[in-house]
$ cat my_file_26.pdb   # PDB, C-alpha atoms
MODEL        1
ATOM      1  CA  MET A 539       0.000   0.000   0.000  1.00  0.00           C
ATOM      2  CA  THR A 540       1.387   3.404  -0.988  1.00  0.00           C
ATOM      3  CA  LYS A 541       1.528   6.354   1.386  1.00  0.00           C
ATOM      4  CA  ALA A 542      -1.262   8.058  -0.620  1.00  0.00           C
ATOM      5  CA  ASP A 543      -3.379   4.888  -0.255  1.00  0.00           C
ATOM      6  CA  GLU A 544      -2.735   4.855   3.500  1.00  0.00           C
ATOM      7  CA  LYS A 545      -3.822   8.491   3.746  1.00  0.00           C
ATOM      8  CA  ALA A 546      -6.991   7.778   1.755  1.00  0.00           C
ATOM      9  CA  THR A 547      -7.787   4.814   4.025  1.00  0.00           C
ATOM     10  CA  ALA A 548      -7.282   7.014   7.102  1.00  0.00           C
ATOM     11  CA  CYS A 549      -9.585   9.700   5.661  1.00  0.00           C
ATOM     12  CA  ASN A 550     -12.282   7.137   4.911  1.00  0.00           C
ATOM     13  CA  ALA A 551     -12.041   5.783   8.463  1.00  0.00           C
ATOM     14  CA  ARG A 552     -12.261   9.322   9.834  1.00  0.00           C
ATOM     15  CA  GLY A 553     -15.499   9.912   7.900  1.00  0.00           C
ATOM     16  CA  ILE A 554     -17.370   6.913   9.330  1.00  0.00           C
ATOM     17  CA  GLY A 555     -20.417   8.125  11.241  1.00  0.00           C
ATOM     18  CA  ARG A 556     -19.886  11.686   9.974  1.00  0.00           C
ATOM     19  CA  LEU A 557     -21.332  13.391   6.894  1.00  0.00           C
ATOM     20  CA  PRO A 558     -18.766  11.990   4.416  1.00  0.00           C
ATOM     21  CA  GLY A 559     -19.427   8.442   5.600  1.00  0.00           C
ATOM     22  CA  LEU A 560     -23.190   8.914   5.777  1.00  0.00           C
ATOM     23  CA  LEU A 561     -23.259  10.166   2.195  1.00  0.00           C
ATOM     24  CA  GLY A 562     -20.972   7.378   1.008  1.00  0.00           C
ATOM     25  CA  ILE A 563     -18.085   9.622  -0.037  1.00  0.00           C
ATOM     26  CA  GLU A 564     -14.983   7.565  -0.722  1.00  0.00           C
ATOM     27  CA  ILE A 565     -11.573   9.199  -0.680  1.00  0.00           C
ATOM     28  CA  ILE A 566      -9.520   7.616  -3.465  1.00  0.00           C
ATOM     29  CA  ASN A 567      -6.218   9.484  -3.293  1.00  0.00           C
ATOM     30  CA  VAL A 568      -4.624  12.072  -1.003  1.00  0.00           C
ATOM     31  CA  THR A 569      -1.405  13.941  -1.749  1.00  0.00           C
ATOM     32  CA  THR A 570      -0.278  17.513  -1.126  1.00  0.00           C
ATOM     33  CA  ASP A 571      -1.044  18.249  -4.811  1.00  0.00           C
ATOM     34  CA  ARG A 572      -4.458  16.592  -5.259  1.00  0.00           C
ATOM     35  CA  VAL A 573      -7.300  14.877  -3.477  1.00  0.00           C
ATOM     36  CA  THR A 574      -9.608  12.576  -5.435  1.00  0.00           C
ATOM     37  CA  ALA A 575     -12.958  11.456  -4.045  1.00  0.00           C
ATOM     38  CA  ARG A 576     -16.000   9.604  -5.363  1.00  0.00           C
ATOM     39  CA  LEU A 577     -19.695   9.579  -4.522  1.00  0.00           C
ATOM     40  CA  PRO A 578     -22.093   6.867  -5.713  1.00  0.00           C
ATOM     41  CA  VAL A 579     -25.356   8.356  -6.965  1.00  0.00           C
ATOM     42  CA  ARG A 580     -28.174   6.837  -4.903  1.00  0.00           C
ATOM     43  CA  ASP A 581     -31.901   7.551  -4.734  1.00  0.00           C
ATOM     44  CA  ASP A 582     -31.582   9.112  -1.280  1.00  0.00           C
ATOM     45  CA  LEU A 583     -29.080  11.681  -2.634  1.00  0.00           C
ATOM     46  CA  LEU A 584     -31.425  12.890  -5.373  1.00  0.00           C
ATOM     47  CA  ALA A 585     -33.554  16.019  -5.264  1.00  0.00           C
ATOM     48  CA  PRO A 586     -37.336  15.604  -5.648  1.00  0.00           C
ATOM     49  CA  ASN A 587     -36.898  16.233  -9.398  1.00  0.00           C
ATOM     50  CA  GLY A 588     -34.892  12.999  -9.737  1.00  0.00           C
ATOM     51  CA  PHE A 589     -31.484  14.592 -10.296  1.00  0.00           C
ATOM     52  CA  LEU A 590     -28.479  14.523  -7.959  1.00  0.00           C
ATOM     53  CA  HIS A 591     -29.098  17.115  -5.252  1.00  0.00           C
ATOM     54  CA  ALA A 592     -26.726  20.082  -5.454  1.00  0.00           C
ATOM     55  CA  ALA A 593     -26.012  19.759  -1.722  1.00  0.00           C
ATOM     56  CA  SER A 594     -24.662  16.240  -2.319  1.00  0.00           C
ATOM     57  CA  VAL A 595     -22.239  17.618  -4.896  1.00  0.00           C
ATOM     58  CA  VAL A 596     -21.228  20.489  -2.596  1.00  0.00           C
ATOM     59  CA  ALA A 597     -20.566  18.002   0.225  1.00  0.00           C
ATOM     60  CA  LEU A 598     -18.337  15.925  -2.063  1.00  0.00           C
ATOM     61  CA  ALA A 599     -16.274  18.936  -3.180  1.00  0.00           C
ATOM     62  CA  ASP A 600     -16.011  20.478   0.290  1.00  0.00           C
ATOM     63  CA  THR A 601     -14.947  17.123   1.737  1.00  0.00           C
ATOM     64  CA  ALA A 602     -12.207  16.664  -0.871  1.00  0.00           C
ATOM     65  CA  CYS A 603     -10.935  20.215  -0.311  1.00  0.00           C
ATOM     66  CA  GLY A 604     -11.116  19.711   3.459  1.00  0.00           C
ATOM     67  CA  TYR A 605      -9.022  16.568   3.418  1.00  0.00           C
ATOM     68  CA  GLY A 606      -6.556  18.454   1.228  1.00  0.00           C
ATOM     69  CA  SER A 607      -6.367  21.146   3.891  1.00  0.00           C
ATOM     70  CA  VAL A 608      -5.690  18.526   6.555  1.00  0.00           C
ATOM     71  CA  GLU A 609      -2.849  17.160   4.426  1.00  0.00           C
ATOM     72  CA  THR A 610      -1.249  20.562   3.850  1.00  0.00           C
ATOM     73  CA  MET A 611      -1.851  22.464   7.114  1.00  0.00           C
ATOM     74  CA  PRO A 612       1.103  24.292   8.632  1.00  0.00           C
ATOM     75  CA  ASP A 613       2.705  22.459  11.578  1.00  0.00           C
ATOM     76  CA  ASP A 614       1.433  24.988  14.130  1.00  0.00           C
ATOM     77  CA  ALA A 615      -2.203  24.778  12.953  1.00  0.00           C
ATOM     78  CA  THR A 616      -4.850  23.093  15.077  1.00  0.00           C
ATOM     79  CA  GLY A 617      -7.431  22.729  12.311  1.00  0.00           C
ATOM     80  CA  PHE A 618      -9.274  24.579   9.565  1.00  0.00           C
ATOM     81  CA  THR A 619     -12.765  25.645   8.605  1.00  0.00           C
ATOM     82  CA  THR A 620     -14.377  26.461   5.283  1.00  0.00           C
ATOM     83  CA  VAL A 621     -15.065  30.198   5.133  1.00  0.00           C
ATOM     84  CA  GLU A 622     -16.252  30.447   1.537  1.00  0.00           C
ATOM     85  CA  LEU A 623     -17.387  28.013  -1.105  1.00  0.00           C
ATOM     86  CA  LYS A 624     -18.408  29.038  -4.596  1.00  0.00           C
ATOM     87  CA  SER A 625     -20.064  26.585  -6.925  1.00  0.00           C
ATOM     88  CA  ASN A 626     -21.012  26.613 -10.589  1.00  0.00           C
ATOM     89  CA  PHE A 627     -23.171  23.752 -11.792  1.00  0.00           C
ATOM     90  CA  LEU A 628     -22.832  22.721 -15.430  1.00  0.00           C
ATOM     91  CA  GLY A 629     -24.805  19.467 -15.380  1.00  0.00           C
ATOM     92  CA  THR A 630     -26.053  16.710 -13.135  1.00  0.00           C
ATOM     93  CA  ALA A 631     -26.409  12.951 -12.798  1.00  0.00           C
ATOM     94  CA  ARG A 632     -29.200  10.458 -12.109  1.00  0.00           C
ATOM     95  CA  GLU A 633     -27.162   7.276 -11.740  1.00  0.00           C
ATOM     96  CA  GLY A 634     -23.634   5.883 -11.555  1.00  0.00           C
ATOM     97  CA  SER A 635     -21.102   7.904  -9.597  1.00  0.00           C
ATOM     98  CA  VAL A 636     -19.463  11.304  -9.580  1.00  0.00           C
ATOM     99  CA  SER A 637     -15.813  12.023  -8.846  1.00  0.00           C
ATOM    100  CA  CYS A 638     -14.066  15.099  -7.546  1.00  0.00           C
ATOM    101  CA  ASP A 639     -10.488  16.263  -8.036  1.00  0.00           C
ATOM    102  CA  ALA A 640      -9.418  19.018  -5.633  1.00  0.00           C
ATOM    103  CA  ILE A 641      -6.206  20.937  -6.325  1.00  0.00           C
ATOM    104  CA  PRO A 642      -4.608  23.611  -4.132  1.00  0.00           C
ATOM    105  CA  GLN A 643      -4.230  27.083  -5.603  1.00  0.00           C
ATOM    106  CA  HIS A 644      -2.903  28.852  -2.501  1.00  0.00           C
ATOM    107  CA  LEU A 645      -1.424  27.252   0.625  1.00  0.00           C
ATOM    108  CA  GLY A 646      -0.870  30.193   2.937  1.00  0.00           C
ATOM    109  CA  LYS A 647      -0.262  30.476   6.664  1.00  0.00           C
ATOM    110  CA  THR A 648      -3.782  31.762   7.383  1.00  0.00           C
ATOM    111  CA  THR A 649      -5.826  30.677   4.371  1.00  0.00           C
ATOM    112  CA  GLN A 650      -5.860  28.018   1.699  1.00  0.00           C
ATOM    113  CA  ILE A 651      -7.705  28.132  -1.605  1.00  0.00           C
ATOM    114  CA  TRP A 652      -8.686  24.916  -3.364  1.00  0.00           C
ATOM    115  CA  ASP A 653     -10.286  24.408  -6.772  1.00  0.00           C
ATOM    116  CA  ALA A 654     -12.392  21.302  -7.304  1.00  0.00           C
ATOM    117  CA  THR A 655     -13.942  19.772 -10.399  1.00  0.00           C
ATOM    118  CA  VAL A 656     -16.784  17.256 -10.137  1.00  0.00           C
ATOM    119  CA  THR A 657     -17.257  14.884 -13.066  1.00  0.00           C
ATOM    120  CA  HIS A 658     -19.959  12.326 -13.890  1.00  0.00           C
ATOM    121  CA  ASP A 659     -17.953   9.122 -14.181  1.00  0.00           C
ATOM    122  CA  ALA A 660     -20.093   7.454 -16.870  1.00  0.00           C
ATOM    123  CA  THR A 661     -20.076  10.396 -19.296  1.00  0.00           C
ATOM    124  CA  HIS A 662     -16.800  12.079 -18.227  1.00  0.00           C
ATOM    125  CA  ARG A 663     -18.695  15.385 -18.318  1.00  0.00           C
ATOM    126  CA  THR A 664     -17.900  18.109 -15.813  1.00  0.00           C
ATOM    127  CA  ILE A 665     -20.994  18.746 -13.721  1.00  0.00           C
ATOM    128  CA  ALA A 666     -19.639  21.315 -11.260  1.00  0.00           C
ATOM    129  CA  LEU A 667     -16.724  23.649 -10.563  1.00  0.00           C
ATOM    130  CA  PHE A 668     -15.869  24.812  -7.046  1.00  0.00           C
ATOM    131  CA  ARG A 669     -13.558  27.175  -5.268  1.00  0.00           C
ATOM    132  CA  CYS A 670     -13.165  26.667  -1.518  1.00  0.00           C
ATOM    133  CA  THR A 671     -11.399  29.040   0.852  1.00  0.00           C
ATOM    134  CA  GLN A 672     -10.251  27.468   4.114  1.00  0.00           C
ATOM    135  CA  MET A 673      -9.202  29.451   7.163  1.00  0.00           C
ATOM    136  CA  ILE A 674      -6.331  27.869   9.087  1.00  0.00           C
ATOM    137  CA  LEU A 675      -7.042  27.692  12.826  1.00  0.00           C
ATOM    138  CA  ARG A 676      -4.558  27.986  15.664  1.00  0.00           C
ATOM    139  CA  ALA A 677      -4.874  27.598  19.418  1.00  0.00           C
ATOM    140  CA  SER A 678      -5.745  30.788  21.299  1.00  0.00           C
ATOM    141  CA  VAL A 679      -2.963  32.247  23.386  1.00  0.00           C
TER
ENDMDL
END
$ encode --input "my_file_26.pdb" --output "structure tokens"
Amino acid sequence: MTKADEKATACNARGIGRLPGLLGIEIINVTTDRVTARLPVRDDLLAPNGFLHAASVVALADTACGYGSVETMPDDATGFTTVELKSNFLGTAREGSVSCDAIPQHLGKTTQIWDATVTHDATHRTIALFRCTQMILRASV
């Protein structure tokens, strides 16, 4: 098992019983340069119109960006929180799975900015683009 595989396994274990685990988000790969995650499209993740609910897609992208922040936090950080998330939806899905690739654009001491692309696996079409800003947290003095 590679180090990236070990990190993905640890992320998946961390998500059990939390939103990522409840939604069925699977972290595939974690490095300092990219996080890849997948979400199976299930009936309970669809909106009443029968299409994948936008909130499910947002959760996938925010989770991938969040695990990227964990991987790249400065040594003196105690955590992070999402302070802004922008999404543009270009399509949707009704079945199969969707995947997300999150890539860091800025890894600063107080903020990080991640771009994420969500793709429908069966058609290889981009269904959403995201930009997440994470605030790096430190212990109060």
$ resolve_selection --input "my_file_26.pdb" --expression "the PyMOL selection byres ((chain A and resi 621) around 8)" --output "JSON, numbers by chain"
{"A": [619, 620, 622, 623, 670, 671, 672, 673]}
$ residues_around --input "my_file_26.pdb" --residues "Asn626 of chain A" --least-positions-apart "5" --cutoff "9 Å" --atoms "all atoms listed in the file" --output "PyMOL selection string"
chain A and resi 665-668
$ closest_atom_pairs --input "my_file_26.pdb" --of "segment 542-631 of chain A" --to "segment 638-662 of chain A" --cutoff "8 Å" --atoms "all atoms listed in the file" --output "Markdown table"
| residue | atom | partner | partner_atom | distance |
| --- | --- | --- | --- | --- |
| A:Asp571 | CA | A:Ile641 | CA | 6.0 |
| A:Arg572 | CA | A:Ile641 | CA | 4.8 |
| A:Val573 | CA | A:Ala640 | CA | 5.1 |
| A:Thr574 | CA | A:Asp639 | CA | 4.6 |
| A:Ala575 | CA | A:Cys638 | CA | 5.2 |
| A:Arg576 | CA | A:Cys638 | CA | 6.2 |
| A:Val595 | CA | A:Val656 | CA | 7.6 |
| A:Leu598 | CA | A:Cys638 | CA | 7.0 |
| A:Ala599 | CA | A:Ala654 | CA | 6.1 |
| A:Ala602 | CA | A:Ala640 | CA | 6.0 |
| A:Cys603 | CA | A:Ala640 | CA | 5.7 |
| A:Gly606 | CA | A:Ala640 | CA | 7.5 |
| A:Ser607 | CA | A:Gln650 | CA | 7.2 |
| A:Thr610 | CA | A:Leu645 | CA | 7.4 |
| A:Pro612 | CA | A:Lys647 | CA | 6.6 |
| A:Thr630 | CA | A:His658 | CA | 7.5 |
| A:Ala631 | CA | A:His658 | CA | 6.6 |
$ residues_around --input "my_file_26.pdb" --residues "Ala592 of chain A" --least-positions-apart "4" --cutoff "10 Å" --atoms "only C-alpha atoms" --output "ChimeraX atom specification"
/A:583-585,596-598,625,627,630,666
$ write_last_selection --input "my_file_26.pdb" --atoms "C-alpha atoms" --output "PDB file, in the frame of the given file"
ATOM      1  CA  LEU A 583     -29.080  11.681  -2.634  1.00  0.00           C
ATOM      2  CA  LEU A 584     -31.425  12.890  -5.373  1.00  0.00           C
ATOM      3  CA  ALA A 585     -33.554  16.019  -5.264  1.00  0.00           C
ATOM      4  CA  VAL A 596     -21.228  20.489  -2.596  1.00  0.00           C
ATOM      5  CA  ALA A 597     -20.566  18.002   0.225  1.00  0.00           C
ATOM      6  CA  LEU A 598     -18.337  15.925  -2.063  1.00  0.00           C
ATOM      7  CA  SER A 625     -20.064  26.585  -6.925  1.00  0.00           C
ATOM      8  CA  PHE A 627     -23.171  23.752 -11.792  1.00  0.00           C
ATOM      9  CA  THR A 630     -26.053  16.710 -13.135  1.00  0.00           C
ATOM     10  CA  ALA A 666     -19.639  21.315 -11.260  1.00  0.00           C
TER      11      ALA A 666
END
$ atom_distance --input "my_file_26.pdb" --atom1 "atom CA of Met539 of chain A" --atom2 "atom CA of Ile566 of chain A"
12.7 Å
$ residues_around --input "my_file_26.pdb" --residues "Leu577 of chain A" --least-positions-apart "4" --cutoff "6 Å" --atoms "only C-alpha atoms" --output "CSV table (one decimal) with C-alpha atoms, keeping the file's coordinate frame"
chain,number,residue,atom,x,y,z
A,563,ILE,CA,-18.1,9.6,0.0
A,635,SER,CA,-21.1,7.9,-9.6
A,636,VAL,CA,-19.5,11.3,-9.6
$ atom_distance --input "my_file_26.pdb" --atom1 "atom CA of Ala548 of chain A" --atom2 "atom CA of Pro578 of chain A"
19.6 Å
$ atom_distance --input "my_file_26.pdb" --atom1 "atom CA of Asn550 of chain A" --atom2 "atom CA of Gly634 of chain A"
20.0 Å
$ decode --input "my_file_26.pdb" --residues "segment 548-574 of chain A" --atoms "N, CA and C atoms" --output "mmCIF file, in the first residue's frame"
data_model
loop_
_atom_site.group_PDB
_atom_site.id
_atom_site.type_symbol
_atom_site.label_atom_id
_atom_site.label_comp_id
_atom_site.auth_asym_id
_atom_site.auth_seq_id
_atom_site.Cartn_x
_atom_site.Cartn_y
_atom_site.Cartn_z
ATOM 1 N N ALA A 548 -7.106 6.295 5.838
ATOM 2 C CA ALA A 548 -7.282 7.014 7.102
ATOM 3 C C ALA A 548 -8.412 8.040 6.985
ATOM 4 N N CYS A 549 -8.499 8.737 5.870
ATOM 5 C CA CYS A 549 -9.585 9.700 5.661
ATOM 6 C C CYS A 549 -10.941 8.999 5.650
ATOM 7 N N ASN A 550 -11.019 7.876 4.959
ATOM 8 C CA ASN A 550 -12.282 7.137 4.911
ATOM 9 C C ASN A 550 -12.698 6.665 6.297
ATOM 10 N N ALA A 551 -11.734 6.211 7.092
ATOM 11 C CA ALA A 551 -12.041 5.783 8.463
ATOM 12 C C ALA A 551 -12.515 6.966 9.302
ATOM 13 N N ARG A 552 -11.896 8.111 9.098
ATOM 14 C CA ARG A 552 -12.261 9.322 9.834
ATOM 15 C C ARG A 552 -13.688 9.777 9.525
ATOM 16 N N GLY A 553 -14.162 9.483 8.320
ATOM 17 C CA GLY A 553 -15.499 9.912 7.900
ATOM 18 C C GLY A 553 -16.633 9.016 8.351
ATOM 19 N N ILE A 554 -16.317 7.842 8.895
ATOM 20 C CA ILE A 554 -17.370 6.913 9.330
ATOM 21 C C ILE A 554 -18.198 7.558 10.436
ATOM 22 N N GLY A 555 -19.507 7.541 10.264
ATOM 23 C CA GLY A 555 -20.417 8.125 11.241
ATOM 24 C C GLY A 555 -20.534 9.636 11.147
ATOM 25 N N ARG A 556 -19.836 10.233 10.232
ATOM 26 C CA ARG A 556 -19.886 11.686 9.974
ATOM 27 C C ARG A 556 -20.467 11.883 8.574
ATOM 28 N N LEU A 557 -20.686 13.123 8.183
ATOM 29 C CA LEU A 557 -21.332 13.391 6.894
ATOM 30 C C LEU A 557 -20.676 12.673 5.714
ATOM 31 N N PRO A 558 -19.348 12.708 5.565
ATOM 32 C CA PRO A 558 -18.766 11.990 4.416
ATOM 33 C C PRO A 558 -19.135 10.503 4.396
ATOM 34 N N GLY A 559 -19.073 9.855 5.541
ATOM 35 C CA GLY A 559 -19.427 8.442 5.600
ATOM 36 C C GLY A 559 -20.908 8.203 5.369
ATOM 37 N N LEU A 560 -21.743 9.066 5.942
ATOM 38 C CA LEU A 560 -23.190 8.914 5.777
ATOM 39 C C LEU A 560 -23.615 9.073 4.321
ATOM 40 N N LEU A 561 -22.940 9.973 3.609
ATOM 41 C CA LEU A 561 -23.259 10.166 2.195
ATOM 42 C C LEU A 561 -22.659 9.087 1.302
ATOM 43 N N GLY A 562 -21.638 8.398 1.809
ATOM 44 C CA GLY A 562 -20.972 7.378 1.008
ATOM 45 C C GLY A 562 -19.799 7.917 0.218
ATOM 46 N N ILE A 563 -19.250 9.056 0.637
ATOM 47 C CA ILE A 563 -18.085 9.622 -0.037
ATOM 48 C C ILE A 563 -16.878 8.727 0.232
ATOM 49 N N GLU A 564 -16.188 8.384 -0.831
ATOM 50 C CA GLU A 564 -14.983 7.565 -0.722
ATOM 51 C C GLU A 564 -13.789 8.387 -1.184
ATOM 52 N N ILE A 565 -12.810 8.521 -0.310
ATOM 53 C CA ILE A 565 -11.573 9.199 -0.680
ATOM 54 C C ILE A 565 -10.700 8.180 -1.403
ATOM 55 N N ILE A 566 -10.286 8.520 -2.602
ATOM 56 C CA ILE A 566 -9.520 7.616 -3.465
ATOM 57 C C ILE A 566 -8.022 7.862 -3.337
ATOM 58 N N ASN A 567 -7.632 9.136 -3.278
ATOM 59 C CA ASN A 567 -6.218 9.484 -3.293
ATOM 60 C C ASN A 567 -6.015 10.793 -2.534
ATOM 61 N N VAL A 568 -4.959 10.853 -1.740
ATOM 62 C CA VAL A 568 -4.624 12.072 -1.003
ATOM 63 C C VAL A 568 -3.123 12.334 -1.138
ATOM 64 N N THR A 569 -2.786 13.460 -1.727
ATOM 65 C CA THR A 569 -1.405 13.941 -1.749
ATOM 66 C C THR A 569 -1.453 15.439 -1.459
ATOM 67 N N THR A 570 -0.297 16.068 -1.341
ATOM 68 C CA THR A 570 -0.278 17.513 -1.126
ATOM 69 C C THR A 570 -0.688 18.280 -2.381
ATOM 70 N N ASP A 571 -0.711 17.612 -3.534
ATOM 71 C CA ASP A 571 -1.044 18.249 -4.811
ATOM 72 C C ASP A 571 -2.455 17.979 -5.305
ATOM 73 N N ARG A 572 -3.133 16.961 -4.732
ATOM 74 C CA ARG A 572 -4.458 16.592 -5.259
ATOM 75 C C ARG A 572 -5.149 15.639 -4.292
ATOM 76 N N VAL A 573 -6.451 15.829 -4.187
ATOM 77 C CA VAL A 573 -7.300 14.877 -3.477
ATOM 78 C C VAL A 573 -8.379 14.430 -4.459
ATOM 79 N N THR A 574 -8.571 13.127 -4.571
ATOM 80 C CA THR A 574 -9.608 12.576 -5.435
ATOM 81 C C THR A 574 -10.606 11.825 -4.569
#
